[in-house]
$ cat target_18.cif   # mmCIF, C-alpha atoms
data_my_file
#
loop_
_atom_site.label_atom_id
_atom_site.label_comp_id
_atom_site.auth_asym_id
_atom_site.auth_seq_id
_atom_site.Cartn_x
_atom_site.Cartn_y
_atom_site.Cartn_z
CA ASN O 1 -84.57 77.19 -66.65
CA ALA O 2 -83.51 77.74 -63.05
CA ALA O 3 -82.67 81.36 -63.80
CA THR O 4 -85.99 82.09 -65.45
CA GLY O 5 -88.11 80.05 -63.02
CA VAL O 6 -89.26 77.42 -65.51
CA PHE O 7 -90.25 74.11 -63.88
CA ASN O 8 -91.59 70.76 -65.02
CA THR O 9 -93.09 69.67 -61.71
CA TYR O 10 -93.63 71.52 -58.43
CA GLN O 11 -95.03 69.74 -55.39
CA GLN O 12 -95.64 71.05 -51.89
CA ALA O 13 -97.54 69.63 -48.94
CA ASN O 14 -100.42 71.66 -47.53
CA GLY O 15 -98.96 71.56 -44.01
CA PHE O 16 -96.30 70.26 -41.64
CA LYS O 17 -97.45 67.21 -39.70
CA TYR O 18 -96.08 66.30 -36.28
CA PRO O 19 -97.86 63.09 -35.27
CA GLU O 20 -97.56 61.61 -31.78
CA TYR O 21 -97.68 57.83 -31.96
CA VAL O 22 -98.60 55.80 -28.88
CA TYR O 23 -99.46 52.23 -28.00
CA ARG O 24 -99.82 50.14 -24.86
CA ASN O 25 -98.86 46.58 -24.06
CA ILE O 26 -100.05 44.97 -20.83
CA GLU O 27 -98.64 41.49 -20.24
CA TRP O 28 -98.77 39.09 -17.30
CA TYR O 29 -97.92 35.46 -16.83
CA GLY O 30 -97.99 32.48 -14.50
CA GLN O 31 -95.53 29.58 -14.47
CA ASP O 32 -94.78 26.47 -12.47
CA ASN O 33 -92.14 23.77 -12.25
CA TRP O 34 -93.23 20.24 -11.38
CA LYS O 35 -90.66 17.56 -10.58
CA VAL O 36 -92.88 14.55 -11.18
CA ASN O 37 -90.20 12.10 -10.03
CA SER O 38 -86.45 11.70 -10.08
CA ARG O 39 -86.47 11.23 -13.87
CA LEU O 40 -89.21 13.59 -15.12
CA THR O 41 -89.50 17.37 -14.75
CA VAL O 42 -92.16 19.55 -16.36
CA ASP O 43 -92.12 23.35 -16.77
CA TYR O 44 -95.38 24.93 -17.87
CA GLY O 45 -96.97 28.33 -17.90
CA VAL O 46 -99.03 30.84 -19.80
CA ARG O 47 -98.51 34.46 -20.83
CA PHE O 48 -101.34 36.87 -21.51
CA TYR O 49 -101.11 39.82 -23.91
CA TYR O 50 -103.37 42.85 -24.06
CA MET O 51 -102.32 45.15 -26.91
CA THR O 52 -103.67 48.38 -28.30
CA PRO O 53 -102.94 49.40 -31.89
CA GLN O 54 -100.26 52.00 -32.48
CA TRP O 55 -101.93 55.24 -33.49
CA ASP O 56 -101.49 59.00 -33.76
CA GLN O 57 -103.16 60.67 -30.79
CA THR O 58 -103.19 64.02 -32.65
CA LEU O 59 -105.57 62.44 -35.22
CA GLN O 60 -103.68 63.69 -38.27
CA THR O 61 -103.29 60.33 -39.99
CA SER O 62 -105.64 59.01 -42.68
CA THR O 63 -106.50 55.68 -44.25
CA PHE O 64 -108.43 54.07 -47.07
CA LEU O 65 -111.24 51.61 -46.37
CA ARG O 66 -111.76 49.50 -49.46
CA ASP O 67 -115.21 48.37 -48.35
CA GLU O 68 -116.35 51.99 -48.00
CA TRP O 69 -115.32 53.02 -51.52
CA SER O 70 -118.38 53.56 -53.71
CA ALA O 71 -118.33 53.22 -57.48
CA ALA O 72 -121.41 55.45 -57.63
CA ALA O 73 -119.51 58.24 -55.85
CA ALA O 74 -116.32 57.85 -57.89
CA PRO O 75 -115.18 61.01 -59.70
CA GLY O 76 -115.13 61.28 -63.47
CA LEU O 77 -111.78 61.33 -65.26
CA TYR O 78 -110.70 63.17 -68.39
CA TYR O 79 -110.30 60.84 -71.40
CA PRO O 80 -108.08 61.62 -74.42
CA ALA O 81 -109.53 63.09 -77.61
CA CYS O 82 -108.29 65.03 -80.62
CA LYS O 83 -109.26 68.54 -81.64
CA ASN O 84 -111.37 68.82 -84.77
CA GLY O 85 -112.07 65.08 -84.77
CA ALA O 86 -108.64 64.00 -86.05
CA ALA O 87 -107.90 60.25 -85.99
CA THR O 88 -104.67 60.51 -83.98
CA CYS O 89 -102.94 63.45 -82.36
CA SER O 90 -100.43 64.63 -79.78
CA GLY O 91 -99.09 67.86 -78.31
CA SER O 92 -101.41 70.85 -78.48
CA ASN O 93 -103.93 68.90 -80.59
CA LEU O 94 -104.58 66.47 -77.71
CA ILE O 95 -107.32 67.42 -75.25
CA GLY O 96 -109.01 65.83 -72.26
CA VAL O 97 -112.76 65.31 -72.44
CA ASP O 98 -115.31 64.65 -69.71
CA PRO O 99 -117.21 61.55 -70.97
CA ALA O 100 -120.34 62.65 -69.08
CA ASN O 101 -120.22 66.14 -70.63
CA PRO O 102 -118.13 66.32 -73.84
CA ALA O 103 -118.33 70.12 -73.75
CA ASN O 104 -116.19 70.08 -70.59
CA THR O 105 -112.61 69.83 -71.85
CA THR O 106 -109.11 70.50 -70.59
CA GLU O 107 -105.54 70.50 -71.88
CA GLY O 108 -104.14 67.20 -73.06
CA ARG O 109 -101.56 67.15 -70.26
CA PHE O 110 -104.41 66.62 -67.78
CA VAL O 111 -105.72 63.41 -69.34
CA GLY O 112 -106.34 60.94 -66.51
CA ARG O 113 -107.00 63.64 -63.92
CA LEU O 114 -110.27 64.21 -62.08
CA VAL O 115 -112.97 66.07 -63.95
CA GLN O 116 -113.65 69.60 -62.70
CA PRO O 117 -115.52 70.42 -60.60
CA THR O 118 -114.89 67.53 -58.20
CA THR O 119 -116.42 67.46 -54.73
CA ASP O 120 -114.56 66.27 -51.61
CA GLU O 121 -117.00 63.35 -51.42
CA GLN O 122 -115.82 62.21 -54.84
CA ARG O 123 -112.15 63.04 -54.38
CA PHE O 124 -111.81 61.33 -50.98
CA ASN O 125 -114.17 58.47 -51.78
CA GLY O 126 -113.28 55.72 -49.26
CA ALA O 127 -110.57 57.80 -47.55
CA TYR O 128 -110.99 58.94 -43.95
CA GLN O 129 -108.99 60.97 -41.47
CA ALA O 130 -108.62 59.50 -37.98
CA GLY O 131 -111.72 60.15 -35.87
CA GLN O 132 -113.77 61.31 -38.87
CA GLY O 133 -115.85 58.43 -40.15
CA VAL O 134 -113.39 55.92 -38.75
CA SER O 135 -112.08 55.16 -35.23
CA ASP O 136 -109.36 57.36 -33.72
CA THR O 137 -106.87 54.53 -34.09
CA MET O 138 -108.05 53.62 -37.62
CA TYR O 139 -108.15 50.03 -36.37
CA SER O 140 -110.90 47.65 -35.33
CA GLY O 141 -109.86 47.69 -31.65
CA ASN O 142 -107.59 46.20 -29.02
CA VAL O 143 -106.65 42.53 -28.87
CA PHE O 144 -106.25 39.92 -26.14
CA ARG O 145 -104.07 36.86 -26.67
CA VAL O 146 -103.23 33.75 -24.62
CA SER O 147 -99.78 32.22 -25.02
CA PRO O 148 -99.19 28.77 -23.44
CA ARG O 149 -95.69 27.34 -22.88
CA LEU O 150 -94.53 23.81 -22.05
CA GLY O 151 -91.15 22.21 -21.43
CA VAL O 152 -90.39 18.59 -20.53
CA VAL O 153 -87.12 16.91 -19.45
CA TYR O 154 -86.92 13.15 -19.02
CA ASP O 155 -83.92 11.07 -17.88
CA LEU O 156 -84.21 8.04 -20.12
CA THR O 157 -81.92 5.71 -18.14
CA GLY O 158 -82.16 7.21 -14.69
CA GLU O 159 -78.37 7.57 -14.63
CA GLY O 160 -78.13 11.08 -16.10
CA ARG O 161 -76.42 9.83 -19.28
CA THR O 162 -79.30 10.15 -21.78
CA ILE O 163 -81.75 13.02 -21.48
CA VAL O 164 -84.80 13.67 -23.67
CA ARG O 165 -86.03 17.27 -23.89
CA GLY O 166 -89.00 18.87 -25.59
CA GLY O 167 -90.74 22.21 -25.67
CA PHE O 168 -93.70 24.05 -27.18
CA GLY O 169 -94.81 27.66 -27.07
CA ILE O 170 -96.95 30.29 -28.76
CA PHE O 171 -95.60 33.83 -28.95
CA TYR O 172 -97.07 37.14 -30.11
CA ASP O 173 -95.44 40.35 -31.19
CA ARG O 174 -96.41 43.84 -32.28
CA PRO O 175 -96.29 44.65 -36.01
CA GLN O 176 -93.59 47.10 -37.02
CA GLY O 177 -94.33 50.82 -36.87
CA ASN O 178 -94.02 51.73 -40.55
CA ILE O 179 -97.50 50.41 -41.26
CA VAL O 180 -98.73 53.26 -39.03
CA PHE O 181 -96.08 55.90 -39.75
CA ASP O 182 -96.87 55.84 -43.48
CA THR O 183 -100.48 56.88 -42.88
CA ILE O 184 -99.44 60.44 -41.99
CA ASN O 185 -98.88 61.02 -45.73
CA ASN O 186 -102.38 59.95 -46.73
CA ALA O 187 -105.28 62.13 -47.84
CA PRO O 188 -107.43 63.80 -46.66
CA GLY O 189 -105.20 64.52 -43.64
CA LEU O 190 -102.29 65.54 -45.85
CA LEU O 191 -102.48 66.80 -49.42
CA GLN O 192 -99.51 67.35 -51.69
CA PRO O 193 -100.72 69.40 -54.67
CA THR O 194 -98.66 69.03 -57.83
CA VAL O 195 -98.33 71.75 -60.46
CA GLN O 196 -96.76 70.91 -63.82
CA TRP O 197 -95.14 73.05 -66.47
CA GLY O 198 -95.10 76.64 -65.32
CA LEU O 199 -93.15 79.63 -64.03
CA LEU O 200 -92.31 80.07 -60.37
CA GLN O 201 -93.26 83.76 -60.50
CA ASN O 202 -96.75 82.77 -61.67
CA LEU O 203 -97.17 79.93 -59.18
CA THR O 204 -100.69 79.98 -57.71
CA GLY O 205 -100.82 76.60 -56.00
CA GLY O 206 -102.45 74.86 -58.93
CA ALA O 207 -105.92 75.81 -57.76
CA ASN O 208 -107.20 75.83 -61.34
CA ASP O 209 -105.59 72.56 -62.41
CA PRO O 210 -107.67 69.35 -62.34
CA TYR O 211 -106.89 67.19 -59.31
CA PRO O 212 -104.49 64.29 -59.97
CA ALA O 213 -105.33 60.79 -58.80
CA LEU O 214 -104.41 60.27 -55.14
CA GLY O 215 -101.80 57.75 -54.05
CA MET O 216 -102.46 56.04 -50.69
CA GLN O 217 -100.56 53.86 -48.20
CA PRO O 218 -103.26 52.43 -45.92
CA THR O 219 -103.21 49.53 -43.47
CA ALA O 220 -105.91 46.90 -43.06
CA TYR O 221 -108.59 47.86 -40.54
CA ASP O 222 -108.34 44.65 -38.49
CA PHE O 223 -105.56 44.78 -35.88
CA THR O 224 -103.83 41.36 -36.03
CA PRO O 225 -100.53 40.82 -34.16
CA PRO O 226 -97.98 38.43 -35.71
CA LYS O 227 -97.93 34.94 -34.18
CA VAL O 228 -95.11 32.42 -33.80
CA THR O 229 -95.71 28.80 -32.85
CA ALA O 230 -92.43 27.10 -31.90
CA TRP O 231 -91.55 23.55 -30.86
CA ASN O 232 -88.54 21.31 -30.37
CA VAL O 233 -87.59 17.81 -29.27
CA GLY O 234 -84.11 16.45 -28.73
CA VAL O 235 -81.82 13.94 -27.08
CA GLN O 236 -78.64 14.70 -25.12
CA HIS O 237 -76.28 11.78 -24.50
CA LYS O 238 -73.00 11.60 -22.62
CA LEU O 239 -70.57 9.78 -24.93
CA TRP O 240 -67.61 9.53 -22.58
CA ARG O 241 -65.95 11.60 -19.87
CA ALA O 242 -66.41 15.27 -20.78
CA VAL O 243 -68.01 14.76 -24.23
CA THR O 244 -71.75 15.01 -24.89
CA LEU O 245 -73.82 14.63 -28.05
CA ASP O 246 -76.97 16.66 -28.78
CA ILE O 247 -79.46 15.89 -31.56
CA ALA O 248 -82.67 17.92 -31.86
CA TYR O 249 -85.48 18.74 -34.24
CA VAL O 250 -86.47 22.42 -34.03
CA GLY O 251 -89.41 23.94 -35.85
CA SER O 252 -91.54 27.05 -35.97
CA LYS O 253 -94.56 28.35 -37.85
CA ASN O 254 -95.16 32.06 -38.31
CA ASP O 255 -98.57 33.50 -39.14
CA ASN O 256 -100.14 36.94 -39.60
CA LEU O 257 -96.91 38.42 -40.91
CA ILE O 258 -97.01 41.80 -42.63
CA GLU O 259 -97.25 41.86 -46.43
CA GLN O 260 -97.87 44.56 -49.01
CA GLU O 261 -100.33 44.43 -51.86
CA GLN O 262 -101.07 46.93 -54.60
CA ILE O 263 -104.86 46.79 -54.43
CA ASN O 264 -105.35 49.35 -57.23
CA ALA O 265 -102.97 47.79 -59.72
CA LEU O 266 -104.10 46.89 -63.21
CA PRO O 267 -105.00 43.20 -63.43
CA LEU O 268 -102.84 41.14 -65.78
CA GLY O 269 -103.77 41.65 -69.43
CA THR O 270 -105.64 44.94 -68.87
CA LEU O 271 -103.38 46.91 -71.22
CA PHE O 272 -103.87 44.35 -74.01
CA LYS O 273 -107.65 44.55 -74.25
CA PRO O 274 -109.04 46.35 -77.34
CA GLU O 275 -111.48 48.41 -75.27
CA ASN O 276 -108.59 49.86 -73.23
CA GLN O 277 -106.64 51.30 -76.16
CA ASP O 278 -106.17 55.06 -76.58
CA PRO O 279 -107.87 56.09 -79.85
CA THR O 280 -105.61 59.15 -80.18
CA ARG O 281 -102.44 57.06 -80.46
CA ALA O 282 -101.08 55.55 -83.63
CA PRO O 283 -101.06 51.73 -83.71
CA SER O 284 -97.96 49.96 -82.38
CA THR O 285 -96.60 46.43 -82.66
CA THR O 286 -95.59 46.52 -78.97
CA PRO O 287 -98.36 45.03 -76.80
CA GLY O 288 -99.92 47.59 -74.48
CA ALA O 289 -97.96 50.52 -75.95
CA THR O 290 -101.12 52.30 -77.10
CA ALA O 291 -103.22 51.67 -74.01
CA LEU O 292 -104.96 54.44 -72.09
CA THR O 293 -103.07 56.07 -69.25
CA THR O 294 -102.95 53.86 -66.18
CA ASP O 295 -105.17 55.97 -63.92
CA LEU O 296 -108.06 55.64 -66.39
CA LEU O 297 -108.04 51.85 -65.99
CA ARG O 298 -107.61 51.35 -62.25
CA PRO O 299 -110.39 49.57 -60.30
CA TYR O 300 -110.69 52.34 -57.68
CA ALA O 301 -111.32 55.30 -59.98
CA GLY O 302 -109.85 58.57 -58.75
CA TYR O 303 -106.88 56.90 -57.05
CA GLY O 304 -103.42 55.99 -58.27
CA GLY O 305 -101.39 53.31 -56.56
CA ILE O 306 -102.80 52.06 -53.24
CA ARG O 307 -100.17 50.10 -51.31
CA TRP O 308 -102.04 48.06 -48.73
CA TRP O 309 -100.44 46.58 -45.61
CA ASP O 310 -102.12 43.46 -44.23
CA ALA O 311 -101.31 40.55 -41.90
CA THR O 312 -101.53 37.87 -44.59
CA GLY O 313 -97.95 36.54 -44.70
CA TYR O 314 -96.65 33.26 -43.31
CA SER O 315 -93.44 31.27 -43.11
CA ASN O 316 -91.95 28.25 -41.38
CA TYR O 317 -88.62 26.80 -40.27
CA HIS O 318 -87.55 23.20 -39.78
CA ALA O 319 -84.10 22.07 -38.67
CA LEU O 320 -82.03 19.12 -37.56
CA GLN O 321 -79.59 20.60 -35.04
CA THR O 322 -76.63 18.54 -33.83
CA SER O 323 -73.63 19.26 -31.66
CA ILE O 324 -70.73 17.53 -29.94
CA ASN O 325 -69.32 19.40 -26.95
CA ARG O 326 -66.32 18.69 -24.81
CA ARG O 327 -66.20 20.75 -21.67
CA PHE O 328 -62.84 22.10 -20.57
CA ASP O 329 -60.83 19.11 -19.33
CA ASN O 330 -57.06 18.51 -19.28
CA GLY O 331 -56.47 21.75 -21.13
CA LEU O 332 -58.83 21.12 -24.05
CA MET O 333 -62.33 22.32 -24.90
CA PHE O 334 -64.08 22.06 -28.25
CA SER O 335 -67.51 22.23 -29.86
CA VAL O 336 -68.76 20.98 -33.21
CA PHE O 337 -72.14 22.15 -34.51
CA TYR O 338 -74.00 21.10 -37.64
CA VAL O 339 -77.46 22.34 -38.61
CA TRP O 340 -79.46 21.13 -41.60
CA SER O 341 -82.46 23.41 -42.05
CA LYS O 342 -85.04 24.84 -44.40
CA ALA O 343 -86.78 28.23 -44.14
CA LEU O 344 -89.81 28.77 -46.38
CA GLY O 345 -92.37 31.53 -46.71
CA VAL O 346 -94.37 33.74 -49.03
CA GLY O 347 -91.98 36.62 -48.33
CA SER O 348 -88.69 37.37 -46.65
CA THR O 349 -89.54 40.76 -45.08
CA ASP O 350 -92.49 42.97 -44.18
CA TRP O 351 -91.96 44.68 -47.55
CA SER O 352 -92.64 41.49 -49.51
CA ALA O 353 -95.53 41.83 -51.94
CA ARG O 354 -98.53 39.66 -52.67
CA ILE O 355 -99.70 39.12 -56.22
CA PRO O 356 -102.57 41.60 -56.81
CA TYR O 357 -106.02 40.02 -57.08
CA ALA O 358 -104.60 36.51 -56.52
CA SER O 359 -106.31 33.98 -54.30
CA ASP O 360 -104.40 32.57 -51.34
CA GLU O 361 -103.77 29.41 -53.35
CA GLU O 362 -102.45 31.35 -56.35
CA ASN O 363 -100.29 33.58 -54.19
CA ARG O 364 -98.81 30.52 -52.47
CA ARG O 365 -98.05 28.86 -55.79
CA VAL O 366 -96.20 31.95 -57.03
CA ASN O 367 -94.51 33.24 -53.86
CA TYR O 368 -94.08 30.33 -51.43
CA SER O 369 -90.42 29.34 -51.62
CA TYR O 370 -87.08 29.69 -49.88
CA VAL O 371 -86.84 32.98 -47.99
CA ASP O 372 -83.69 34.99 -48.65
CA TYR O 373 -82.16 34.10 -45.27
CA ASP O 374 -82.45 30.35 -45.84
CA ARG O 375 -79.14 28.60 -45.08
CA PRO O 376 -79.61 24.83 -45.46
CA HIS O 377 -76.17 23.84 -44.13
CA ASN O 378 -74.34 25.43 -41.21
CA PHE O 379 -71.19 23.94 -39.73
CA VAL O 380 -69.16 25.52 -36.91
CA PHE O 381 -66.10 24.15 -35.15
CA ASN O 382 -64.30 25.94 -32.31
CA PHE O 383 -61.67 24.91 -29.83
CA VAL O 384 -59.51 26.17 -26.99
CA TYR O 385 -56.27 24.40 -26.02
CA GLN O 386 -54.14 25.50 -23.09
CA THR O 387 -50.55 24.26 -23.27
CA PRO O 388 -49.20 22.47 -20.20
CA LYS O 389 -46.47 23.66 -17.90
CA VAL O 390 -43.17 22.67 -19.53
CA ALA O 391 -40.59 24.85 -17.79
CA SER O 392 -39.90 26.67 -14.56
CA GLY O 393 -38.31 29.92 -13.55
CA ALA O 394 -37.81 32.73 -16.00
CA LEU O 395 -38.20 30.39 -18.94
CA GLY O 396 -41.59 29.32 -17.63
CA LEU O 397 -42.92 32.86 -17.94
CA LEU O 398 -42.48 32.57 -21.70
CA ALA O 399 -43.16 28.89 -22.33
CA ASN O 400 -45.99 27.93 -19.98
CA GLU O 401 -49.77 28.06 -20.31
CA TRP O 402 -50.21 29.51 -23.73
CA GLN O 403 -53.75 29.38 -25.07
CA ILE O 404 -54.41 28.37 -28.66
CA SER O 405 -57.91 28.82 -30.04
CA GLY O 406 -59.72 28.87 -33.35
CA ILE O 407 -63.09 29.06 -35.02
CA TYR O 408 -64.08 27.59 -38.37
CA ARG O 409 -67.46 28.24 -39.99
CA TRP O 410 -68.96 26.87 -43.17
CA THR O 411 -72.38 28.14 -44.28
CA SER O 412 -74.49 27.66 -47.39
CA GLY O 413 -75.07 30.65 -49.63
CA ARG O 414 -78.34 32.51 -49.91
CA PRO O 415 -80.98 31.55 -52.48
CA TYR O 416 -80.36 33.18 -55.85
CA ALA O 417 -83.23 35.02 -57.46
CA ILE O 418 -83.53 34.99 -61.25
CA GLY O 419 -85.00 37.86 -63.23
CA TRP O 420 -85.20 38.74 -66.89
CA SER O 421 -86.03 41.68 -69.11
CA ILE O 422 -86.19 42.71 -72.76
CA PRO O 423 -84.36 45.94 -73.68
CA GLY O 424 -86.79 48.65 -74.69
CA ILE O 425 -89.80 46.72 -73.42
CA GLY O 426 -91.33 47.55 -70.04
CA SER O 427 -92.78 45.03 -67.63
CA ASN O 428 -96.28 46.37 -68.34
CA ASN O 429 -95.80 45.43 -72.01
CA LEU O 430 -94.95 41.88 -70.95
CA THR O 431 -97.81 41.36 -68.50
CA GLY O 432 -100.47 43.86 -69.52
CA GLY O 433 -100.67 44.96 -65.87
CA THR O 434 -98.80 47.31 -63.57
CA ASP O 435 -97.52 44.91 -60.87
#

$ encode --input "target_18.cif" --output "structure tokens"
Amino acid sequence: NAATGVFNTYQQANGFKYPEYVYRNIEWYGQDNWKVNSRLTVDYGVRFYYMTPQWDQTLQTSTFLRDEWSAAAAPGLYYPACKNGAATCSGSNLIGVDPANPANTTEGRFVGRLVQPTTDEQRFNGAYQAGQGVSDTMYSGNVFRVSPRLGVVYDLTGEGRTIVRGGFGIFYDRPQGNIVFDTINNAPGLLQPTVQWGLLQNLTGGANDPYPALGMQPTAYDFTPPKVTAWNVGVQHKLWRAVTLDIAYVGSKNDNLIEQEQINALPLGTLFKPENQDPTRAPSTTPGATALTTDLLRPYAGYGGIRWWDATGYSNYHALQTSINRRFDNGLMFSVFYVWSKALGVGSTDWSARIPYASDEENRRVNYSYVDYDRPHNFVFNFVYQTPKVASGALGLLANEWQISGIYRWTSGRPYAIGWSIPGIGSNNLTGGTD
């Protein structure tokens, strides 16, 4: 095939894109320390954030606005049919038919593609290039955030032996760049025509082939920075001489974390419905095996998969943190740490996925659990011991002041995910949906 130029699939972008991504953060803060009396000290302050979205200043990126997609403007798609009215068919006997005009047909390999002719308004329904029907940044605008901080230290006895500490703060961050970088591959700014089944010497760019459904990787229009609310309270007590005990509760709550969602997936059960079966296929005992091609059943007609980034994720962390520390005294120093914690969330990374079409309550029920970095038990022991001087002279150079040290760590394992499958049966046959 390589020698004769035969190919199954040929894809080439319509141009080379060199985006120039920029953003601006302007931050300022004020803080103060107030020693109320000999036993109480308060630290407090506030940080201010002014953030712009990250965006391509060359305006080559594109996005999809789900609220701007119009069902009335959606393109028609070729549905399967058989030549000469046969009950079932395949191969050369399978054709694609325009439901609005049955006389408009195409080869069976183009079933599920956009009916010709298709206008740009239909093909790019709901899709916009930066600065053309949408803002240059493809976001709602800049954001301003206020981040208070508070820390308190109180000497419980007035003798410096028992200290109570507490703190609270709100922190903001910028979402990671991939949610913007991916938009350079979206239509209409970038097109990647695909030609199937042909000869390289006859390659014409596929101008006469029906357009395939477009895949998109947009980001939600509202610019929402991730937020962390953190707090802690603890007690530090001097046990004796150089040994101190620390016990603290530490917690945090994380909101507006990045999640993905396939907003053009097939809802569960779609492939099982009688009205979604392909009449040209012979019956099968496997559920969903005779359903129409996926692109004919998607909610946003004319598009394939639409992976949507949005700031809908959340997680939290709670921990009991304890330690015993002996500062270096008489040649010995050691520390013992034990942390009992729990980390929960609807996802472990920015690439975690929501359940398509699920409410927040349903998504929480399915996805809210231990994140993959949860380690409920952490124990660490370390020590340094310096041997005393036991000899003098030349022997002392070898025998004196050796240092012996060690570290021991015991940590719980990561949560174990369980999956299952049936050989020869795809996930779509089990769920009737695509995700």

$ residues_around --input "target_18.cif" --residues "stretch 401-408 of chain O" --least-positions-apart "5" --cutoff "7 Å" --atoms "only C-alpha atoms" --output "list of chain:residue names"
O:Val380, O:Phe381, O:Asn382, O:Phe383, O:Val384, O:Tyr385, O:Gln386, O:Thr387, O:Pro388, O:Lys389

$ atom_distance --input "target_18.cif" --atom1 "atom CA of O:Tyr416" --atom2 "atom CA of O:Val250"
25.1 Å

$ closest_residue --input "target_18.cif" --among "O:Gly15, O:Pro148, O:Gly331, O:Gly91" --to "O:Tyr172" --atoms "all atoms listed in the file"
O:Pro148

$ resolve_selection --input "target_18.cif" --expression "the PyMOL selection byres ((chain O and resi 329) around 12)" --output "PDB file with C-alpha atoms, in the frame of the given file"
ATOM      1  CA  ARG O 241     -65.950  11.600 -19.870  1.00  0.00           C
ATOM      2  CA  ALA O 242     -66.410  15.270 -20.780  1.00  0.00           C
ATOM      3  CA  VAL O 243     -68.010  14.760 -24.230  1.00  0.00           C
ATOM      4  CA  ASN O 325     -69.320  19.400 -26.950  1.00  0.00           C
ATOM      5  CA  ARG O 326     -66.320  18.690 -24.810  1.00  0.00           C
ATOM      6  CA  ARG O 327     -66.200  20.750 -21.670  1.00  0.00           C
ATOM      7  CA  PHE O 328     -62.840  22.100 -20.570  1.00  0.00           C
ATOM      8  CA  ASN O 330     -57.060  18.510 -19.280  1.00  0.00           C
ATOM      9  CA  GLY O 331     -56.470  21.750 -21.130  1.00  0.00           C
ATOM     10  CA  LEU O 332     -58.830  21.120 -24.050  1.00  0.00           C
ATOM     11  CA  MET O 333     -62.330  22.320 -24.900  1.00  0.00           C
ATOM     12  CA  PHE O 334     -64.080  22.060 -28.250  1.00  0.00           C
ATOM     13  CA  VAL O 384     -59.510  26.170 -26.990  1.00  0.00           C
ATOM     14  CA  TYR O 385     -56.270  24.400 -26.020  1.00  0.00           C
ATOM     15  CA  GLN O 386     -54.140  25.500 -23.090  1.00  0.00           C
TER      16      GLN O 386
END

$ residues_around --input "target_18.cif" --residues "O:Val36" --least-positions-apart "6" --cutoff "12 Å" --atoms "all atoms listed in the file" --output "list in words"
Val42, Asp43, Val152, Val153, Tyr154 and Asp155 of chain O

$ resolve_selection --input "target_18.cif" --expression "the PyMOL selection byres ((chain O and resi 117-123) around 8)" --output "list in words"
Ala73, Ala74, Pro75, Leu114, Val115, Gln116, Phe124, Asn125 and Gly302 of chain O

$ write_last_selection --input "target_18.cif" --atoms "C-alpha atoms" --output "PDB file, keeping the file's coordinate frame"
ATOM      1  CA  ALA O  73    -119.510  58.240 -55.850  1.00  0.00           C
ATOM      2  CA  ALA O  74    -116.320  57.850 -57.890  1.00  0.00           C
ATOM      3  CA  PRO O  75    -115.180  61.010 -59.700  1.00  0.00           C
ATOM      4  CA  LEU O 114    -110.270  64.210 -62.080  1.00  0.00           C
ATOM      5  CA  VAL O 115    -112.970  66.070 -63.950  1.00  0.00           C
ATOM      6  CA  GLN O 116    -113.650  69.600 -62.700  1.00  0.00           C
ATOM      7  CA  PHE O 124    -111.810  61.330 -50.980  1.00  0.00           C
ATOM      8  CA  ASN O 125    -114.170  58.470 -51.780  1.00  0.00           C
ATOM      9  CA  GLY O 302    -109.850  58.570 -58.750  1.00  0.00           C
TER      10      GLY O 302
END

$ atom_distance --input "target_18.cif" --atom1 "atom CA of O:His377" --atom2 "atom CA of O:Tyr249"
14.5 Å

$ residues_around --input "target_18.cif" --residues "stretch 20-30 of chain O" --least-positions-apart "5" --cutoff "7 Å" --atoms "only C-alpha atoms" --output "PyMOL selection string"
chain O and resi 45-58

$ resolve_selection --input "target_18.cif" --expression "the PyMOL selection byres ((chain O and resi 341) around 10)" --output "list in words"
Tyr249, Val250, Gly251, Tyr317, His318, Ala319, Leu320, Gln321, Tyr338, Val339, Trp340, Lys342, Ala343, Asp374, Arg375, Pro376, His377 and Asn378 of chain O

$ residues_around --input "target_18.cif" --residues "O:Phe110" --least-positions-apart "6" --cutoff "10 Å" --atoms "all atoms listed in the file" --output "mmCIF file with C-alpha atoms, in the coordinates of the input"
data_model
loop_
_atom_site.group_PDB
_atom_site.id
_atom_site.type_symbol
_atom_site.label_atom_id
_atom_site.label_comp_id
_atom_site.auth_asym_id
_atom_site.auth_seq_id
_atom_site.Cartn_x
_atom_site.Cartn_y
_atom_site.Cartn_z
ATOM 1 C CA LEU O 77 -111.780 61.330 -65.260
ATOM 2 C CA TYR O 78 -110.700 63.170 -68.390
ATOM 3 C CA TYR O 79 -110.300 60.840 -71.400
ATOM 4 C CA PRO O 80 -108.080 61.620 -74.420
ATOM 5 C CA LEU O 94 -104.580 66.470 -77.710
ATOM 6 C CA ILE O 95 -107.320 67.420 -75.250
ATOM 7 C CA GLY O 96 -109.010 65.830 -72.260
ATOM 8 C CA VAL O 97 -112.760 65.310 -72.440
ATOM 9 C CA GLN O 196 -96.760 70.910 -63.820
ATOM 10 C CA ASP O 209 -105.590 72.560 -62.410
ATOM 11 C CA PRO O 210 -107.670 69.350 -62.340
ATOM 12 C CA TYR O 211 -106.890 67.190 -59.310
ATOM 13 C CA PRO O 212 -104.490 64.290 -59.970
#

$ atom_distance --input "target_18.cif" --atom1 "atom CA of O:Thr286" --atom2 "atom CA of O:Cys82"
22.5 Å

$ closest_residue --input "target_18.cif" --among "O:Pro226, O:Pro99, O:Gly432, O:Gly215" --to "O:Ile170" --atoms "only C-alpha atoms"
O:Pro226

$ residues_around --input "target_18.cif" --residues "stretch 345-358 of chain O" --least-positions-apart "5" --cutoff "6 Å" --atoms "all atoms listed in the file" --output "list of chain:residue names"
O:Ile258, O:Glu259, O:Gln260, O:Glu261, O:Gln262, O:Tyr314, O:Ser315, O:Asn363, O:Asn367, O:Tyr368, O:Ser369, O:Val371, O:Asp372
